[in-house]
Amino acid sequence: MTPPLKRLLVVTAVAMAVAASIWFYRSSRAIAVETVPVARGPLVVSVTPIETGTVETEETALVKAEIAEQAVQVLVKEGDAVKAGAVLVRLNATVAQARRNLATSMLRAARARLESARIALQLERSRTLAALSEAQARYDSVRQRYDKKRQLAEGGLVSADEIQTLEADLKTAEAAFDTARANREQVALQERQIAVAEAEVSQQEASVRVAQLDLEHTVIRAPLDGTVMELPVKAGELVLPGTPVARISHRGDLYIKALIDEVDLGRVQLGQAARVSFDVLPGRAFDGTVSEIAPTVSSERLKSRNVQVKVRLAAPPPELRPGLSADVEIIIARLDDVLSVPSETVMSKDREQFVYAVKDGRIAKRTVVTGYVGWDAMEIRSGLSEGDAVVTSLDVEGVVPGARVTVAPKKP
């Protein structure tokens, strides 16, 4: 046997000896684990949303600026309770005030012109009607005398000179009558001028209303009773039309919005009880009710299909605010006498569900058939018996089937 081959055999033997020693050490060393007994008793069956819920309110107003102007005063702060109509922000009103004053002056001038035109129309109408009446009366009088004289002239009772004189008078009266009738067009013209003046007054009134609205928009008010949730504007900043100035939410109608998987839709119904907890209120749970289930299934989130539900609390705590996160458990049923284990002890692989149980000081893999699932427990229909010790400390190194274990007291 050559020296290299001897060295290879020696190294291999040493490695095998070390591996055997490690295996023997690990197999003989007891691992401290925590367990929980399989218990028989009540189980609350529930559906949990696919993600953390959010506190929202039916009444939320996003208040926006209507004009471009500088904010000169911010009169509230985030978290303030406000009433409808309360002033939130004041904008610089100098330009808006000047525009309103100018529009008001122009309106007064337009109204004065309209009034003058109406007076002139009345005077013109009176003068024209009087002149027309007088011209017609004179024409009728001259015409009658002319007709009579002409009849007399046919009998030789009136001279030709007199007839000529009457003809001249008749033409003069007729011309005056035509002139008086033509003057009626001046009245119609002035009536049209009044219509123009009235239109100008209407236009100036509209300008005043627009200027007044711009002036009113320099004072931004709360549209509803509620709490100031956001206040993104600061004094001195320039705001533009459509710029969000504040978001106000009405706390009197809070609810929790959550998304459930479509597979759970058939089990969730209106009126079902729910339990809700909040990170800001640790250790407390609140009773609620499923008040609304969306009529459509959404498929926007990562191509999964889910349904939005709303849960309303029976007695919302005063600390609740829109936007807070919430953990929701919708109660589907309450079972009285079933075997159950903590949900986190049940593992799945290749469609097989199993737990690690402690049997004769060693870990044994137990295949189980599960049933209903609760908030923190799962029904066991087969594979375990009441009192079996199931490992809960699955993150401990070396927890594998066959490992020797000692049961440590469960940590509080």
# chains A, B, ... in the order shown; residues from 1 in each chain; ligands from 1
$ residues_around --residues "Val328 in chain A" --least-positions-apart "3" --cutoff "12 Å" --atoms "only C-alpha atoms" --output "short mmCIF file (atom, residue, chain, number, x, y, z; two decimals) with N, CA and C atoms, in the first residue's frame"
data_model
loop_
_atom_site.label_atom_id
_atom_site.label_comp_id
_atom_site.auth_asym_id
_atom_site.auth_seq_id
_atom_site.Cartn_x
_atom_site.Cartn_y
_atom_site.Cartn_z
N SER A 46 -63.04 31.28 13.61
CA SER A 46 -63.01 32.65 13.12
C SER A 46 -62.36 32.74 11.75
N VAL A 47 -62.57 33.88 11.12
CA VAL A 47 -61.90 34.24 9.87
C VAL A 47 -61.06 35.47 10.15
N THR A 48 -59.82 35.43 9.72
CA THR A 48 -58.95 36.58 9.90
C THR A 48 -58.64 37.19 8.54
N PRO A 49 -58.61 38.51 8.46
CA PRO A 49 -58.29 39.17 7.18
C PRO A 49 -56.90 38.81 6.71
N ILE A 50 -56.66 39.07 5.42
CA ILE A 50 -55.37 38.73 4.83
C ILE A 50 -54.28 39.74 5.21
N GLU A 51 -54.69 40.86 5.81
CA GLU A 51 -53.72 41.86 6.25
C GLU A 51 -54.34 42.68 7.35
N THR A 52 -53.54 43.51 7.98
CA THR A 52 -54.02 44.36 9.06
C THR A 52 -55.09 45.31 8.56
N GLY A 53 -56.16 45.45 9.35
CA GLY A 53 -57.23 46.37 8.99
C GLY A 53 -56.86 47.82 9.29
N THR A 54 -57.72 48.73 8.88
CA THR A 54 -57.49 50.16 9.06
C THR A 54 -58.75 50.82 9.58
N VAL A 55 -58.58 51.69 10.56
CA VAL A 55 -59.71 52.46 11.08
C VAL A 55 -60.02 53.59 10.09
N TYR A 255 -65.26 53.03 11.62
CA TYR A 255 -65.38 51.60 11.35
C TYR A 255 -63.99 51.08 10.99
N ILE A 256 -63.87 49.76 10.95
CA ILE A 256 -62.61 49.13 10.58
C ILE A 256 -62.80 48.48 9.22
N LYS A 257 -61.95 48.84 8.28
CA LYS A 257 -61.99 48.24 6.94
C LYS A 257 -60.94 47.13 6.88
N ALA A 258 -61.36 45.96 6.41
CA ALA A 258 -60.43 44.83 6.32
C ALA A 258 -60.71 44.06 5.04
N LEU A 259 -59.73 43.26 4.62
CA LEU A 259 -59.85 42.44 3.41
C LEU A 259 -59.78 40.97 3.79
N ILE A 260 -60.77 40.20 3.35
CA ILE A 260 -60.74 38.77 3.59
C ILE A 260 -60.53 38.05 2.26
N ALA A 273 -70.46 38.52 14.80
CA ALA A 273 -69.64 39.19 15.81
C ALA A 273 -68.17 39.21 15.38
N ALA A 274 -67.44 40.16 15.90
CA ALA A 274 -66.01 40.27 15.60
C ALA A 274 -65.29 40.77 16.84
N ARG A 275 -64.02 40.43 16.91
CA ARG A 275 -63.15 40.95 17.98
C ARG A 275 -62.05 41.77 17.32
N VAL A 276 -61.82 42.94 17.87
CA VAL A 276 -60.86 43.87 17.26
C VAL A 276 -59.88 44.32 18.33
N SER A 277 -58.61 44.35 17.97
CA SER A 277 -57.58 44.88 18.87
C SER A 277 -56.72 45.88 18.09
N PHE A 278 -56.08 46.77 18.85
CA PHE A 278 -55.30 47.84 18.25
C PHE A 278 -53.92 47.88 18.88
N ASP A 279 -52.92 48.19 18.05
CA ASP A 279 -51.56 48.28 18.56
C ASP A 279 -51.43 49.40 19.59
N ALA A 285 -59.27 44.11 23.88
CA ALA A 285 -60.02 43.67 22.70
C ALA A 285 -61.42 44.28 22.77
N PHE A 286 -61.99 44.59 21.62
CA PHE A 286 -63.27 45.27 21.57
C PHE A 286 -64.24 44.47 20.70
N ASP A 287 -65.49 44.47 21.13
CA ASP A 287 -66.53 43.75 20.39
C ASP A 287 -67.01 44.59 19.20
N GLY A 288 -67.23 43.89 18.11
CA GLY A 288 -67.72 44.58 16.91
C GLY A 288 -68.68 43.70 16.14
N THR A 289 -69.19 44.23 15.04
CA THR A 289 -70.15 43.51 14.20
C THR A 289 -69.83 43.78 12.74
N VAL A 290 -69.95 42.74 11.92
CA VAL A 290 -69.77 42.91 10.48
C VAL A 290 -70.97 43.70 9.95
N VAL A 309 -64.57 44.11 3.83
CA VAL A 309 -65.65 44.10 4.82
C VAL A 309 -65.45 45.28 5.77
N LYS A 310 -66.57 45.69 6.37
CA LYS A 310 -66.52 46.75 7.37
C LYS A 310 -67.01 46.20 8.70
N VAL A 311 -66.27 46.53 9.74
CA VAL A 311 -66.64 46.10 11.09
C VAL A 311 -66.82 47.35 11.95
N ARG A 312 -67.97 47.44 12.61
CA ARG A 312 -68.23 48.58 13.49
C ARG A 312 -68.19 48.12 14.94
N LEU A 313 -67.59 48.95 15.78
CA LEU A 313 -67.45 48.61 17.19
C LEU A 313 -68.70 49.00 17.96
N SER A 325 -54.07 51.16 12.74
CA SER A 325 -54.12 49.77 12.32
C SER A 325 -54.96 48.97 13.32
N ILE A 331 -65.97 36.22 14.07
CA ILE A 331 -66.38 34.98 14.72
C ILE A 331 -67.39 34.26 13.83
N TRP A 375 -58.75 31.99 16.30
CA TRP A 375 -57.76 33.09 16.31
C TRP A 375 -56.38 32.57 16.61
#
$ select_by_dssp --residues "range 173-364 of chain A" --states "strand (DSSP E)" --output "PDB file with N, CA and C atoms, in the first residue's frame"
ATOM      1  N   VAL A 219     -60.774  82.885   3.383  1.00  0.00           N
ATOM      2  CA  VAL A 219     -61.011  82.302   4.707  1.00  0.00           C
ATOM      3  C   VAL A 219     -61.453  80.858   4.489  1.00  0.00           C
ATOM      4  N   ILE A 220     -60.597  79.911   4.829  1.00  0.00           N
ATOM      5  CA  ILE A 220     -60.876  78.487   4.602  1.00  0.00           C
ATOM      6  C   ILE A 220     -61.468  77.911   5.879  1.00  0.00           C
ATOM      7  N   ARG A 221     -62.666  77.351   5.750  1.00  0.00           N
ATOM      8  CA  ARG A 221     -63.416  76.875   6.916  1.00  0.00           C
ATOM      9  C   ARG A 221     -63.610  75.361   6.887  1.00  0.00           C
ATOM     10  N   GLY A 226     -65.605  67.591  13.198  1.00  0.00           N
ATOM     11  CA  GLY A 226     -64.669  66.478  13.175  1.00  0.00           C
ATOM     12  C   GLY A 226     -63.341  66.829  13.803  1.00  0.00           C
ATOM     13  N   THR A 227     -62.350  66.026  13.471  1.00  0.00           N
ATOM     14  CA  THR A 227     -60.994  66.180  13.996  1.00  0.00           C
ATOM     15  C   THR A 227     -60.042  66.452  12.843  1.00  0.00           C
ATOM     16  N   VAL A 228     -59.153  67.410  13.033  1.00  0.00           N
ATOM     17  CA  VAL A 228     -58.157  67.735  12.014  1.00  0.00           C
ATOM     18  C   VAL A 228     -57.111  66.617  12.003  1.00  0.00           C
ATOM     19  N   MET A 229     -57.136  65.797  10.955  1.00  0.00           N
ATOM     20  CA  MET A 229     -56.216  64.665  10.877  1.00  0.00           C
ATOM     21  C   MET A 229     -54.910  65.051  10.194  1.00  0.00           C
ATOM     22  N   GLU A 230     -54.985  65.923   9.203  1.00  0.00           N
ATOM     23  CA  GLU A 230     -53.782  66.373   8.498  1.00  0.00           C
ATOM     24  C   GLU A 230     -53.887  67.866   8.270  1.00  0.00           C
ATOM     25  N   LEU A 238     -47.266  79.614  -0.112  1.00  0.00           N
ATOM     26  CA  LEU A 238     -48.173  79.945  -1.206  1.00  0.00           C
ATOM     27  C   LEU A 238     -48.975  78.703  -1.545  1.00  0.00           C
ATOM     28  N   VAL A 239     -50.297  78.823  -1.506  1.00  0.00           N
ATOM     29  CA  VAL A 239     -51.159  77.703  -1.881  1.00  0.00           C
ATOM     30  C   VAL A 239     -51.774  77.998  -3.242  1.00  0.00           C
ATOM     31  N   PRO A 244     -54.288  70.692  -1.170  1.00  0.00           N
ATOM     32  CA  PRO A 244     -54.896  70.256   0.092  1.00  0.00           C
ATOM     33  C   PRO A 244     -54.411  71.125   1.247  1.00  0.00           C
ATOM     34  N   VAL A 245     -55.351  71.588   2.023  1.00  0.00           N
ATOM     35  CA  VAL A 245     -55.050  72.443   3.167  1.00  0.00           C
ATOM     36  C   VAL A 245     -55.256  71.689   4.477  1.00  0.00           C
ATOM     37  N   ALA A 246     -56.257  70.818   4.523  1.00  0.00           N
ATOM     38  CA  ALA A 246     -56.542  70.056   5.736  1.00  0.00           C
ATOM     39  C   ALA A 246     -57.389  68.847   5.378  1.00  0.00           C
ATOM     40  N   ARG A 247     -57.288  67.824   6.228  1.00  0.00           N
ATOM     41  CA  ARG A 247     -58.195  66.671   6.121  1.00  0.00           C
ATOM     42  C   ARG A 247     -58.892  66.516   7.456  1.00  0.00           C
ATOM     43  N   ILE A 248     -60.214  66.531   7.413  1.00  0.00           N
ATOM     44  CA  ILE A 248     -61.013  66.482   8.629  1.00  0.00           C
ATOM     45  C   ILE A 248     -61.881  65.233   8.595  1.00  0.00           C
ATOM     46  N   SER A 249     -61.868  64.477   9.678  1.00  0.00           N
ATOM     47  CA  SER A 249     -62.657  63.254   9.760  1.00  0.00           C
ATOM     48  C   SER A 249     -63.628  63.361  10.925  1.00  0.00           C
ATOM     49  N   LEU A 254     -66.929  55.867  13.043  1.00  0.00           N
ATOM     50  CA  LEU A 254     -65.720  55.106  12.744  1.00  0.00           C
ATOM     51  C   LEU A 254     -66.056  53.641  12.467  1.00  0.00           C
ATOM     52  N   TYR A 255     -65.263  53.030  11.616  1.00  0.00           N
ATOM     53  CA  TYR A 255     -65.378  51.603  11.352  1.00  0.00           C
ATOM     54  C   TYR A 255     -63.992  51.080  10.988  1.00  0.00           C
ATOM     55  N   ILE A 256     -63.870  49.758  10.953  1.00  0.00           N
ATOM     56  CA  ILE A 256     -62.608  49.127  10.577  1.00  0.00           C
ATOM     57  C   ILE A 256     -62.802  48.476   9.218  1.00  0.00           C
ATOM     58  N   LYS A 257     -61.953  48.837   8.282  1.00  0.00           N
ATOM     59  CA  LYS A 257     -61.986  48.237   6.944  1.00  0.00           C
ATOM     60  C   LYS A 257     -60.939  47.133   6.878  1.00  0.00           C
ATOM     61  N   ALA A 258     -61.356  45.957   6.415  1.00  0.00           N
ATOM     62  CA  ALA A 258     -60.432  44.829   6.323  1.00  0.00           C
ATOM     63  C   ALA A 258     -60.708  44.057   5.043  1.00  0.00           C
ATOM     64  N   LEU A 259     -59.730  43.264   4.618  1.00  0.00           N
ATOM     65  CA  LEU A 259     -59.845  42.443   3.406  1.00  0.00           C
ATOM     66  C   LEU A 259     -59.776  40.973   3.792  1.00  0.00           C
ATOM     67  N   ILE A 260     -60.768  40.204   3.347  1.00  0.00           N
ATOM     68  CA  ILE A 260     -60.738  38.768   3.585  1.00  0.00           C
ATOM     69  C   ILE A 260     -60.526  38.054   2.261  1.00  0.00           C
ATOM     70  N   ASP A 261     -59.949  36.868   2.333  1.00  0.00           N
ATOM     71  CA  ASP A 261     -59.728  36.077   1.121  1.00  0.00           C
ATOM     72  C   ASP A 261     -61.065  35.591   0.576  1.00  0.00           C
ATOM     73  N   ALA A 273     -70.455  38.522  14.798  1.00  0.00           N
ATOM     74  CA  ALA A 273     -69.641  39.191  15.810  1.00  0.00           C
ATOM     75  C   ALA A 273     -68.173  39.205  15.382  1.00  0.00           C
ATOM     76  N   ALA A 274     -67.438  40.155  15.895  1.00  0.00           N
ATOM     77  CA  ALA A 274     -66.006  40.270  15.601  1.00  0.00           C
ATOM     78  C   ALA A 274     -65.290  40.774  16.841  1.00  0.00           C
ATOM     79  N   ARG A 275     -64.018  40.430  16.913  1.00  0.00           N
ATOM     80  CA  ARG A 275     -63.154  40.949  17.977  1.00  0.00           C
ATOM     81  C   ARG A 275     -62.049  41.765  17.319  1.00  0.00           C
ATOM     82  N   VAL A 276     -61.818  42.945  17.869  1.00  0.00           N
ATOM     83  CA  VAL A 276     -60.862  43.865  17.261  1.00  0.00           C
ATOM     84  C   VAL A 276     -59.880  44.322  18.334  1.00  0.00           C
ATOM     85  N   SER A 277     -58.612  44.353  17.973  1.00  0.00           N
ATOM     86  CA  SER A 277     -57.577  44.879  18.868  1.00  0.00           C
ATOM     87  C   SER A 277     -56.724  45.878  18.092  1.00  0.00           C
ATOM     88  N   PHE A 278     -56.083  46.767  18.851  1.00  0.00           N
ATOM     89  CA  PHE A 278     -55.297  47.842  18.246  1.00  0.00           C
ATOM     90  C   PHE A 278     -53.916  47.882  18.879  1.00  0.00           C
ATOM     91  N   LEU A 281     -53.568  50.183  21.742  1.00  0.00           N
ATOM     92  CA  LEU A 281     -54.262  49.793  22.986  1.00  0.00           C
ATOM     93  C   LEU A 281     -53.927  48.337  23.290  1.00  0.00           C
ATOM     94  N   PRO A 282     -52.669  48.034  23.607  1.00  0.00           N
ATOM     95  CA  PRO A 282     -52.257  46.645  23.811  1.00  0.00           C
ATOM     96  C   PRO A 282     -53.004  46.003  24.976  1.00  0.00           C
ATOM     97  N   GLY A 283     -53.302  44.702  24.791  1.00  0.00           N
ATOM     98  CA  GLY A 283     -53.941  43.955  25.860  1.00  0.00           C
ATOM     99  C   GLY A 283     -55.442  44.139  25.949  1.00  0.00           C
ATOM    100  N   ARG A 284     -56.016  44.900  25.042  1.00  0.00           N
ATOM    101  CA  ARG A 284     -57.458  45.135  25.083  1.00  0.00           C
ATOM    102  C   ARG A 284     -58.081  44.669  23.769  1.00  0.00           C
ATOM    103  N   ALA A 285     -59.271  44.108  23.878  1.00  0.00           N
ATOM    104  CA  ALA A 285     -60.025  43.674  22.697  1.00  0.00           C
ATOM    105  C   ALA A 285     -61.419  44.278  22.773  1.00  0.00           C
ATOM    106  N   PHE A 286     -61.986  44.588  21.619  1.00  0.00           N
ATOM    107  CA  PHE A 286     -63.272  45.267  21.566  1.00  0.00           C
ATOM    108  C   PHE A 286     -64.239  44.467  20.696  1.00  0.00           C
ATOM    109  N   ASP A 287     -65.494  44.467  21.129  1.00  0.00           N
ATOM    110  CA  ASP A 287     -66.533  43.748  20.388  1.00  0.00           C
ATOM    111  C   ASP A 287     -67.010  44.585  19.202  1.00  0.00           C
ATOM    112  N   GLY A 288     -67.228  43.895  18.105  1.00  0.00           N
ATOM    113  CA  GLY A 288     -67.721  44.578  16.910  1.00  0.00           C
ATOM    114  C   GLY A 288     -68.678  43.697  16.144  1.00  0.00           C
ATOM    115  N   THR A 289     -69.193  44.230  15.039  1.00  0.00           N
ATOM    116  CA  THR A 289     -70.151  43.513  14.204  1.00  0.00           C
ATOM    117  C   THR A 289     -69.828  43.776  12.738  1.00  0.00           C
ATOM    118  N   VAL A 290     -69.949  42.739  11.921  1.00  0.00           N
ATOM    119  CA  VAL A 290     -69.770  42.914  10.478  1.00  0.00           C
ATOM    120  C   VAL A 290     -70.969  43.703   9.951  1.00  0.00           C
ATOM    121  N   SER A 291     -70.719  44.922   9.496  1.00  0.00           N
ATOM    122  CA  SER A 291     -71.810  45.801   9.070  1.00  0.00           C
ATOM    123  C   SER A 291     -71.951  45.899   7.554  1.00  0.00           C
ATOM    124  N   GLU A 292     -70.929  45.511   6.827  1.00  0.00           N
ATOM    125  CA  GLU A 292     -71.005  45.642   5.372  1.00  0.00           C
ATOM    126  C   GLU A 292     -70.031  44.674   4.720  1.00  0.00           C
ATOM    127  N   ILE A 293     -70.466  44.064   3.617  1.00  0.00           N
ATOM    128  CA  ILE A 293     -69.615  43.192   2.810  1.00  0.00           C
ATOM    129  C   ILE A 293     -69.677  43.723   1.382  1.00  0.00           C
ATOM    130  N   ASN A 306     -59.842  39.147  -3.183  1.00  0.00           N
ATOM    131  CA  ASN A 306     -60.271  39.401  -1.810  1.00  0.00           C
ATOM    132  C   ASN A 306     -61.506  40.283  -1.801  1.00  0.00           C
ATOM    133  N   VAL A 307     -62.135  40.349  -0.644  1.00  0.00           N
ATOM    134  CA  VAL A 307     -63.384  41.079  -0.477  1.00  0.00           C
ATOM    135  C   VAL A 307     -63.228  42.026   0.712  1.00  0.00           C
ATOM    136  N   GLN A 308     -63.703  43.244   0.536  1.00  0.00           N
ATOM    137  CA  GLN A 308     -63.624  44.230   1.611  1.00  0.00           C
ATOM    138  C   GLN A 308     -64.839  44.102   2.525  1.00  0.00           C
ATOM    139  N   VAL A 309     -64.573  44.113   3.827  1.00  0.00           N
ATOM    140  CA  VAL A 309     -65.650  44.105   4.819  1.00  0.00           C
ATOM    141  C   VAL A 309     -65.452  45.283   5.768  1.00  0.00           C
ATOM    142  N   LYS A 310     -66.566  45.694   6.368  1.00  0.00           N
ATOM    143  CA  LYS A 310     -66.522  46.753   7.367  1.00  0.00           C
ATOM    144  C   LYS A 310     -67.010  46.200   8.700  1.00  0.00           C
ATOM    145  N   VAL A 311     -66.275  46.526   9.744  1.00  0.00           N
ATOM    146  CA  VAL A 311     -66.640  46.099  11.092  1.00  0.00           C
ATOM    147  C   VAL A 311     -66.820  47.352  11.947  1.00  0.00           C
ATOM    148  N   ARG A 312     -67.968  47.441  12.611  1.00  0.00           N
ATOM    149  CA  ARG A 312     -68.234  48.580  13.490  1.00  0.00           C
ATOM    150  C   ARG A 312     -68.193  48.119  14.936  1.00  0.00           C
ATOM    151  N   LEU A 313     -67.590  48.950  15.781  1.00  0.00           N
ATOM    152  CA  LEU A 313     -67.449  48.614  17.188  1.00  0.00           C
ATOM    153  C   LEU A 313     -68.701  49.005  17.956  1.00  0.00           C
ATOM    154  N   SER A 325     -54.065  51.162  12.739  1.00  0.00           N
ATOM    155  CA  SER A 325     -54.125  49.767  12.323  1.00  0.00           C
ATOM    156  C   SER A 325     -54.959  48.968  13.316  1.00  0.00           C
ATOM    157  N   ALA A 326     -55.561  47.882  12.837  1.00  0.00           N
ATOM    158  CA  ALA A 326     -56.436  47.074  13.675  1.00  0.00           C
ATOM    159  C   ALA A 326     -56.329  45.616  13.266  1.00  0.00           C
ATOM    160  N   ASP A 327     -56.287  44.726  14.260  1.00  0.00           N
ATOM    161  CA  ASP A 327     -56.340  43.291  14.022  1.00  0.00           C
ATOM    162  C   ASP A 327     -57.771  42.832  14.230  1.00  0.00           C
ATOM    163  N   VAL A 328     -58.322  42.168  13.224  1.00  0.00           N
ATOM    164  CA  VAL A 328     -59.733  41.798  13.229  1.00  0.00           C
ATOM    165  C   VAL A 328     -59.879  40.285  13.205  1.00  0.00           C
ATOM    166  N   GLU A 329     -60.791  39.786  14.016  1.00  0.00           N
ATOM    167  CA  GLU A 329     -61.155  38.368  14.010  1.00  0.00           C
ATOM    168  C   GLU A 329     -62.674  38.296  13.908  1.00  0.00           C
ATOM    169  N   ILE A 330     -63.171  37.724  12.807  1.00  0.00           N
ATOM    170  CA  ILE A 330     -64.608  37.586  12.604  1.00  0.00           C
ATOM    171  C   ILE A 330     -65.042  36.215  13.117  1.00  0.00           C
ATOM    172  N   ILE A 331     -65.966  36.216  14.074  1.00  0.00           N
ATOM    173  CA  ILE A 331     -66.383  34.984  14.716  1.00  0.00           C
ATOM    174  C   ILE A 331     -67.388  34.262  13.832  1.00  0.00           C
ATOM    175  N   ILE A 332     -67.033  33.056  13.378  1.00  0.00           N
ATOM    176  CA  ILE A 332     -67.898  32.271  12.503  1.00  0.00           C
ATOM    177  C   ILE A 332     -68.774  31.319  13.315  1.00  0.00           C
ATOM    178  N   ALA A 333     -68.183  30.685  14.343  1.00  0.00           N
ATOM    179  CA  ALA A 333     -68.932  29.727  15.162  1.00  0.00           C
ATOM    180  C   ALA A 333     -68.216  29.565  16.500  1.00  0.00           C
ATOM    181  N   ARG A 334     -68.942  29.014  17.455  1.00  0.00           N
ATOM    182  CA  ARG A 334     -68.361  28.704  18.766  1.00  0.00           C
ATOM    183  C   ARG A 334     -68.635  27.229  19.057  1.00  0.00           C
ATOM    184  N   LEU A 335     -67.558  26.422  19.104  1.00  0.00           N
ATOM    185  CA  LEU A 335     -67.671  24.980  19.363  1.00  0.00           C
ATOM    186  C   LEU A 335     -67.420  24.714  20.839  1.00  0.00           C
ATOM    187  N   ASP A 336     -68.131  23.720  21.382  1.00  0.00           N
ATOM    188  CA  ASP A 336     -68.077  23.502  22.828  1.00  0.00           C
ATOM    189  C   ASP A 336     -67.085  22.433  23.254  1.00  0.00           C
ATOM    190  N   ASP A 337     -66.906  21.345  22.508  1.00  0.00           N
ATOM    191  CA  ASP A 337     -66.127  20.215  23.005  1.00  0.00           C
ATOM    192  C   ASP A 337     -65.298  19.612  21.872  1.00  0.00           C
ATOM    193  N   VAL A 338     -64.128  20.209  21.612  1.00  0.00           N
ATOM    194  CA  VAL A 338     -63.257  19.720  20.547  1.00  0.00           C
ATOM    195  C   VAL A 338     -61.818  19.699  21.053  1.00  0.00           C
ATOM    196  N   LEU A 339     -60.999  18.842  20.409  1.00  0.00           N
ATOM    197  CA  LEU A 339     -59.564  18.849  20.676  1.00  0.00           C
ATOM    198  C   LEU A 339     -58.930  19.988  19.884  1.00  0.00           C
ATOM    199  N   SER A 340     -57.982  20.675  20.512  1.00  0.00           N
ATOM    200  CA  SER A 340     -57.329  21.774  19.796  1.00  0.00           C
ATOM    201  C   SER A 340     -55.907  21.950  20.290  1.00  0.00           C
ATOM    202  N   VAL A 341     -55.090  22.548  19.416  1.00  0.00           N
ATOM    203  CA  VAL A 341     -53.714  22.908  19.753  1.00  0.00           C
ATOM    204  C   VAL A 341     -53.473  24.322  19.241  1.00  0.00           C
ATOM    205  N   PRO A 342     -52.441  24.997  19.752  1.00  0.00           N
ATOM    206  CA  PRO A 342     -52.121  26.317  19.205  1.00  0.00           C
ATOM    207  C   PRO A 342     -51.836  26.236  17.704  1.00  0.00           C
ATOM    208  N   MET A 347     -47.662  22.339  11.382  1.00  0.00           N
ATOM    209  CA  MET A 347     -46.816  22.623  10.222  1.00  0.00           C
ATOM    210  C   MET A 347     -47.377  21.897   8.998  1.00  0.00           C
ATOM    211  N   SER A 348     -47.016  22.406   7.826  1.00  0.00           N
ATOM    212  CA  SER A 348     -47.497  21.817   6.574  1.00  0.00           C
ATOM    213  C   SER A 348     -46.335  21.633   5.621  1.00  0.00           C
ATOM    214  N   LYS A 349     -46.359  20.505   4.901  1.00  0.00           N
ATOM    215  CA  LYS A 349     -45.359  20.247   3.870  1.00  0.00           C
ATOM    216  C   LYS A 349     -45.939  19.224   2.908  1.00  0.00           C
ATOM    217  N   GLU A 352     -49.222  17.756   3.601  1.00  0.00           N
ATOM    218  CA  GLU A 352     -49.324  17.016   4.857  1.00  0.00           C
ATOM    219  C   GLU A 352     -49.256  18.000   6.021  1.00  0.00           C
ATOM    220  N   GLN A 353     -50.133  17.822   6.985  1.00  0.00           N
ATOM    221  CA  GLN A 353     -50.096  18.625   8.195  1.00  0.00           C
ATOM    222  C   GLN A 353     -49.609  17.741   9.338  1.00  0.00           C
ATOM    223  N   PHE A 354     -48.736  18.314  10.165  1.00  0.00           N
ATOM    224  CA  PHE A 354     -48.153  17.512  11.244  1.00  0.00           C
ATOM    225  C   PHE A 354     -47.736  18.408  12.394  1.00  0.00           C
ATOM    226  N   VAL A 355     -47.488  17.769  13.539  1.00  0.00           N
ATOM    227  CA  VAL A 355     -46.964  18.463  14.714  1.00  0.00           C
ATOM    228  C   VAL A 355     -45.807  17.625  15.250  1.00  0.00           C
ATOM    229  N   TYR A 356     -45.005  18.265  16.113  1.00  0.00           N
ATOM    230  CA  TYR A 356     -43.978  17.541  16.851  1.00  0.00           C
ATOM    231  C   TYR A 356     -44.494  17.322  18.267  1.00  0.00           C
ATOM    232  N   ALA A 357     -44.607  16.040  18.636  1.00  0.00           N
ATOM    233  CA  ALA A 357     -45.055  15.697  19.981  1.00  0.00           C
ATOM    234  C   ALA A 357     -43.901  15.057  20.748  1.00  0.00           C
ATOM    235  N   VAL A 358     -43.956  15.098  22.057  1.00  0.00           N
ATOM    236  CA  VAL A 358     -42.930  14.474  22.897  1.00  0.00           C
ATOM    237  C   VAL A 358     -43.458  13.127  23.373  1.00  0.00           C
ATOM    238  N   LYS A 359     -42.725  12.084  23.044  1.00  0.00           N
ATOM    239  CA  LYS A 359     -43.114  10.721  23.416  1.00  0.00           C
ATOM    240  C   LYS A 359     -41.885   9.992  23.957  1.00  0.00           C
ATOM    241  N   ARG A 362     -38.488  11.740  23.591  1.00  0.00           N
ATOM    242  CA  ARG A 362     -37.991  12.079  22.259  1.00  0.00           C
ATOM    243  C   ARG A 362     -39.112  12.737  21.438  1.00  0.00           C
ATOM    244  N   ILE A 363     -38.660  13.468  20.401  1.00  0.00           N
ATOM    245  CA  ILE A 363     -39.619  14.152  19.525  1.00  0.00           C
ATOM    246  C   ILE A 363     -40.130  13.162  18.494  1.00  0.00           C
ATOM    247  N   ALA A 364     -41.461  13.136  18.342  1.00  0.00           N
ATOM    248  CA  ALA A 364     -42.094  12.274  17.356  1.00  0.00           C
ATOM    249  C   ALA A 364     -42.950  13.132  16.428  1.00  0.00           C
TER     250      ALA A 364
END
$ closest_residue --among "A:Gln269, A:Ser343, A:Gln70, A:Thr35" --to "Ala389 in chain A" --atoms "only C-alpha atoms"
A:Thr35
$ atom_distance --atom1 "CA of Val268 in chain A" --atom2 "CA of Ser298 in chain A"
16.3 Å
$ closest_residue --among "A:Glu69, A:Asp253, A:Glu162, A:Glu200" --to "Val95 in chain A" --atoms "only C-alpha atoms"
A:Glu69
$ residues_around --residues "range 97-112 of chain A" --least-positions-apart "2" --cutoff "7 Å" --atoms "only C-alpha atoms" --output "number ranges by chain"
A: 93-95, 114-116, 197, 200-201, 204-205, 207-208, 211-212, 215
$ write_last_selection --atoms "C-alpha atoms" --output "CSV table (one decimal), in the first residue's frame"
chain,number,residue,atom,x,y,z
A,93,ALA,CA,-57.1,89.0,1.2
A,94,THR,CA,-55.5,92.2,-0.1
A,95,VAL,CA,-55.9,91.5,-3.8
A,114,LEU,CA,-78.9,102.3,-16.7
A,115,GLU,CA,-80.9,104.7,-14.6
A,116,SER,CA,-80.0,107.6,-16.8
A,197,ALA,CA,-77.3,98.8,-20.1
A,200,GLU,CA,-73.9,95.4,-18.5
A,201,VAL,CA,-75.5,95.6,-15.0
A,204,GLN,CA,-71.1,93.6,-13.4
A,205,GLU,CA,-73.3,91.9,-10.8
A,207,SER,CA,-68.3,90.1,-11.5
A,208,VAL,CA,-69.1,91.3,-8.0
A,211,ALA,CA,-65.0,88.8,-6.6
A,212,GLN,CA,-67.0,88.2,-3.4
A,215,LEU,CA,-62.7,87.2,-1.1
